[in-house]
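Everything below concerns the one structure shown next.
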Amino acid sequence: MKLPICTTDARIGVLCPKCEARLERGEITSVDVEVSFILVKAVRTIPQLDSIALIRAYEAEGELVLVLGSGDARKLLSDPDVIRKLRDFLGRRVWITEEGDDRRFIEYLLHPLHVLTLNTVWLPDGSRTTRVLIAGRPSSKLPLDIEKAKKIINDIKGLELEIRFERPSRKKGIVPRQYRAGHGRKDRGGNWMGRGTTGSRGAGVPGSSG
Ligand SMILES: [Zn+2]
């Protein structure tokens, strides 16, 4: 496992003067240090961590984002159990992504949603937005919180994301619920009694004829 600090420092839980200086210069943060200390312990329970490189760790929206080395994200994301265990060790929800360009960062962060296209669009006011097209359709059962993902990407990458889905939402048509038996009877009875007419509706009512 590679960490933003020396692995030895992480094992003993104390920074060497070199890492201490990097922390002071702001090259690494206390979140990098805190996460490194924990991951080095977690590797006994999560052996998949042994083959990854943690590049940086960020705190965003009260959750943790681990930016891994190129090719490492799938090693953890492929096993939902690993993500659960990481959450237990780190005490917060954990998002996994990779270093590299913005597209790669976004694609992994949005896993297991599948990004079809990603375009930067310049708006008339000079600002830019990143338009992301996701495969499938939106649903209330999406495996991740899209709004939170957007905020995290904005916090870390400074990108405004506009997420669209390939297909429209499967809206349920306004199918009226079937009246419950009791409800229906009450309505019909009320109408018949209230009007007091001898219309054809009364014909089938028990006791109305005799
Ligand atoms: Zn060190």
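Chain labels follow the order of the structure tokens: the first chain is A, the next B, and so on; residue numbering restarts at 1 in every chain, and ligands are counted from 1 in their shown order.
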Which protein, DNA or RNA residues have an atom within 12 Å of ligand 1, counting only C-alpha atoms and all ligand atoms, as an MDAnalysis selection string?
-> chainID A and resid 3:23 28 33 36:37
Let me see the file: selected residues, C-alpha atoms, as a PDB file, in the first residue's frame.
ATOM      1  CA  LEU A   3       0.114   6.402   1.223  1.00  0.00           C
ATOM      2  CA  PRO A   4       0.512  10.194   1.094  1.00  0.00           C
ATOM      3  CA  ILE A   5       2.821   9.824   4.126  1.00  0.00           C
ATOM      4  CA  CYS A   6       5.599   7.276   4.784  1.00  0.00           C
ATOM      5  CA  THR A   7       4.134   3.844   5.465  1.00  0.00           C
ATOM      6  CA  THR A   8       6.376   3.573   8.524  1.00  0.00           C
ATOM      7  CA  ASP A   9       4.921   6.817   9.896  1.00  0.00           C
ATOM      8  CA  ALA A  10       1.442   5.426   9.381  1.00  0.00           C
ATOM      9  CA  ARG A  11       2.349   2.179  11.163  1.00  0.00           C
ATOM     10  CA  ILE A  12       3.743   3.873  14.251  1.00  0.00           C
ATOM     11  CA  GLY A  13       1.202   6.700  14.146  1.00  0.00           C
ATOM     12  CA  VAL A  14       3.772   9.515  14.212  1.00  0.00           C
ATOM     13  CA  LEU A  15       4.972  11.699  11.351  1.00  0.00           C
ATOM     14  CA  CYS A  16       8.659  11.883  10.522  1.00  0.00           C
ATOM     15  CA  PRO A  17      10.157  15.418  10.221  1.00  0.00           C
ATOM     16  CA  LYS A  18       9.883  15.248   6.426  1.00  0.00           C
ATOM     17  CA  CYS A  19       6.143  14.459   6.438  1.00  0.00           C
ATOM     18  CA  GLU A  20       5.584  16.919   9.274  1.00  0.00           C
ATOM     19  CA  ALA A  21       7.126  19.631   7.072  1.00  0.00           C
ATOM     20  CA  ARG A  22       4.925  18.641   4.128  1.00  0.00           C
ATOM     21  CA  LEU A  23       1.897  18.917   6.367  1.00  0.00           C
ATOM     22  CA  ILE A  28      -0.699  17.064   2.559  1.00  0.00           C
ATOM     23  CA  VAL A  33      -2.677  11.718   7.702  1.00  0.00           C
ATOM     24  CA  SER A  36      -3.387   6.861   6.287  1.00  0.00           C
ATOM     25  CA  PHE A  37      -3.162   5.962   9.989  1.00  0.00           C
TER      26      PHE A  37
END
Would you mind listing what lies within 6 Å of range 128-137 of chain A as a count of residues only, with only C-alpha atoms counted and same-chain residues fewer than 2 positions away left out?
-> 20
Please run DSSP on the backbone and report, as a ChimeraX atom specification, all residues within range 15-190 of chain A that come out as helix (DSSP H, G or I).
-> /A:17-25,30-42,47-51,73-77,80-90,102-109,146-157,181-190
Considering only C-alpha atoms, return as an NGL selection string whatever protein or nucleic-acid residues lie within 12 Å of range 139-156 of chain A, sequence-local ones (same chain, fewer than 6 positions apart) excluded.
-> :A and (56-67 or 80 or 93-97 or 99 or 102-114 or 129-132 or 162-165 or 167-172)
Selection file, C-alpha atoms, as a compact mmCIF listing (two decimals), in the first residue's frame:
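Here's the written file out03.txt:
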# COMPACT_ATOMS: atom_id res chain seq x y z
CA ARG A 56 -5.13 11.98 -1.41
CA ALA A 57 -8.02 11.81 1.03
CA TYR A 58 -10.61 14.56 1.20
CA GLU A 59 -13.38 15.40 3.56
CA ALA A 60 -16.42 16.67 1.68
CA GLU A 61 -20.02 16.98 2.75
CA GLY A 62 -19.14 15.23 6.00
CA GLU A 63 -17.99 12.16 4.09
CA LEU A 64 -14.64 10.88 2.90
CA VAL A 65 -13.34 10.73 -0.63
CA LEU A 66 -10.33 8.53 -1.29
CA VAL A 67 -8.46 9.36 -4.48
CA PRO A 80 -19.32 -3.92 -1.95
CA ARG A 93 -19.34 7.04 4.30
CA VAL A 94 -16.50 6.53 1.82
CA TRP A 95 -16.40 7.49 -1.85
CA ILE A 96 -13.74 5.96 -4.05
CA THR A 97 -12.26 7.54 -7.13
CA GLU A 99 -6.42 10.43 -9.92
CA ASP A 102 -11.83 15.16 -14.49
CA ARG A 103 -13.67 12.54 -16.49
CA ARG A 104 -12.00 9.67 -14.70
CA PHE A 105 -12.56 11.32 -11.33
CA ILE A 106 -16.27 11.76 -12.08
CA GLU A 107 -16.76 8.32 -13.63
CA TYR A 108 -15.43 6.48 -10.62
CA LEU A 109 -17.14 8.72 -8.11
CA LEU A 110 -20.48 8.03 -9.79
CA HIS A 111 -19.89 4.25 -9.82
CA PRO A 112 -21.93 2.08 -10.31
CA LEU A 113 -23.78 4.52 -12.57
CA HIS A 114 -22.42 4.39 -16.10
CA THR A 129 -20.86 23.51 -16.64
CA THR A 130 -19.99 19.86 -17.05
CA ARG A 131 -22.79 17.97 -18.68
CA VAL A 132 -22.85 14.30 -17.79
CA GLU A 162 -25.40 18.90 -14.78
CA ILE A 163 -26.49 15.28 -14.70
CA ARG A 164 -28.91 13.93 -17.25
CA PHE A 165 -30.12 10.45 -17.92
CA ARG A 167 -33.86 7.78 -20.76
CA PRO A 168 -36.72 9.63 -19.09
CA SER A 169 -37.99 8.70 -15.69
CA ARG A 170 -40.45 5.84 -15.69
CA LYS A 171 -43.28 7.91 -14.30
CA LYS A 172 -46.24 5.95 -13.17
In Å to one decimal, how far is CA of Ser51 in chain A from CA of Leu76 in chain A?
->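 Value for the CA of Leu76 in chain A-CA of Ser51 in chain A distance: 10.1 Å.
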Distance in Å - CA of Val40 in chain A versus CA of Ile83 in chain A =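 Straight-line distance from CA of Val40 in chain A to CA of Ile83 in chain A works out to 15.7 Å.
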Using DSSP on the backbone, list every residue of range 10-183 of chain A that comes out as strand (DSSP E), and give them as a PyMOL selection string.
-> chain A and resi 54-60+63-68+94-98+115-122+128-134+161-165
Take the residues just selected and output them with C-alpha atoms as a PDB file, in the first residue's frame.
ATOM      1  CA  LEU A  54      -3.866   6.349  -1.758  1.00  0.00           C
ATOM      2  CA  ILE A  55      -3.003   9.620  -3.471  1.00  0.00           C
ATOM      3  CA  ARG A  56      -5.131  11.978  -1.409  1.00  0.00           C
ATOM      4  CA  ALA A  57      -8.018  11.806   1.026  1.00  0.00           C
ATOM      5  CA  TYR A  58     -10.614  14.556   1.198  1.00  0.00           C
ATOM      6  CA  GLU A  59     -13.384  15.396   3.562  1.00  0.00           C
ATOM      7  CA  ALA A  60     -16.421  16.666   1.679  1.00  0.00           C
ATOM      8  CA  GLU A  63     -17.995  12.157   4.093  1.00  0.00           C
ATOM      9  CA  LEU A  64     -14.641  10.883   2.903  1.00  0.00           C
ATOM     10  CA  VAL A  65     -13.340  10.732  -0.634  1.00  0.00           C
ATOM     11  CA  LEU A  66     -10.330   8.526  -1.290  1.00  0.00           C
ATOM     12  CA  VAL A  67      -8.461   9.361  -4.476  1.00  0.00           C
ATOM     13  CA  LEU A  68      -6.506   6.293  -5.512  1.00  0.00           C
ATOM     14  CA  VAL A  94     -16.500   6.534   1.822  1.00  0.00           C
ATOM     15  CA  TRP A  95     -16.399   7.486  -1.851  1.00  0.00           C
ATOM     16  CA  ILE A  96     -13.738   5.964  -4.050  1.00  0.00           C
ATOM     17  CA  THR A  97     -12.259   7.539  -7.130  1.00  0.00           C
ATOM     18  CA  GLU A  98      -8.976   7.817  -9.039  1.00  0.00           C
ATOM     19  CA  VAL A 115     -21.281   7.647 -17.653  1.00  0.00           C
ATOM     20  CA  LEU A 116     -22.006   7.702 -21.392  1.00  0.00           C
ATOM     21  CA  THR A 117     -20.772  11.154 -22.283  1.00  0.00           C
ATOM     22  CA  LEU A 118     -19.202  14.061 -20.476  1.00  0.00           C
ATOM     23  CA  ASN A 119     -18.932  17.503 -22.030  1.00  0.00           C
ATOM     24  CA  THR A 120     -17.834  20.894 -20.859  1.00  0.00           C
ATOM     25  CA  VAL A 121     -20.339  23.535 -21.875  1.00  0.00           C
ATOM     26  CA  TRP A 122     -19.566  27.249 -21.718  1.00  0.00           C
ATOM     27  CA  ARG A 128     -18.888  26.571 -17.490  1.00  0.00           C
ATOM     28  CA  THR A 129     -20.859  23.513 -16.637  1.00  0.00           C
ATOM     29  CA  THR A 130     -19.989  19.858 -17.048  1.00  0.00           C
ATOM     30  CA  ARG A 131     -22.790  17.970 -18.676  1.00  0.00           C
ATOM     31  CA  VAL A 132     -22.845  14.296 -17.785  1.00  0.00           C
ATOM     32  CA  LEU A 133     -25.081  11.783 -19.502  1.00  0.00           C
ATOM     33  CA  ILE A 134     -25.796   8.642 -17.469  1.00  0.00           C
ATOM     34  CA  LEU A 161     -22.225  19.192 -12.810  1.00  0.00           C
ATOM     35  CA  GLU A 162     -25.405  18.900 -14.777  1.00  0.00           C
ATOM     36  CA  ILE A 163     -26.494  15.283 -14.703  1.00  0.00           C
ATOM     37  CA  ARG A 164     -28.911  13.932 -17.251  1.00  0.00           C
ATOM     38  CA  PHE A 165     -30.120  10.452 -17.921  1.00  0.00           C
TER      39      PHE A 165
END
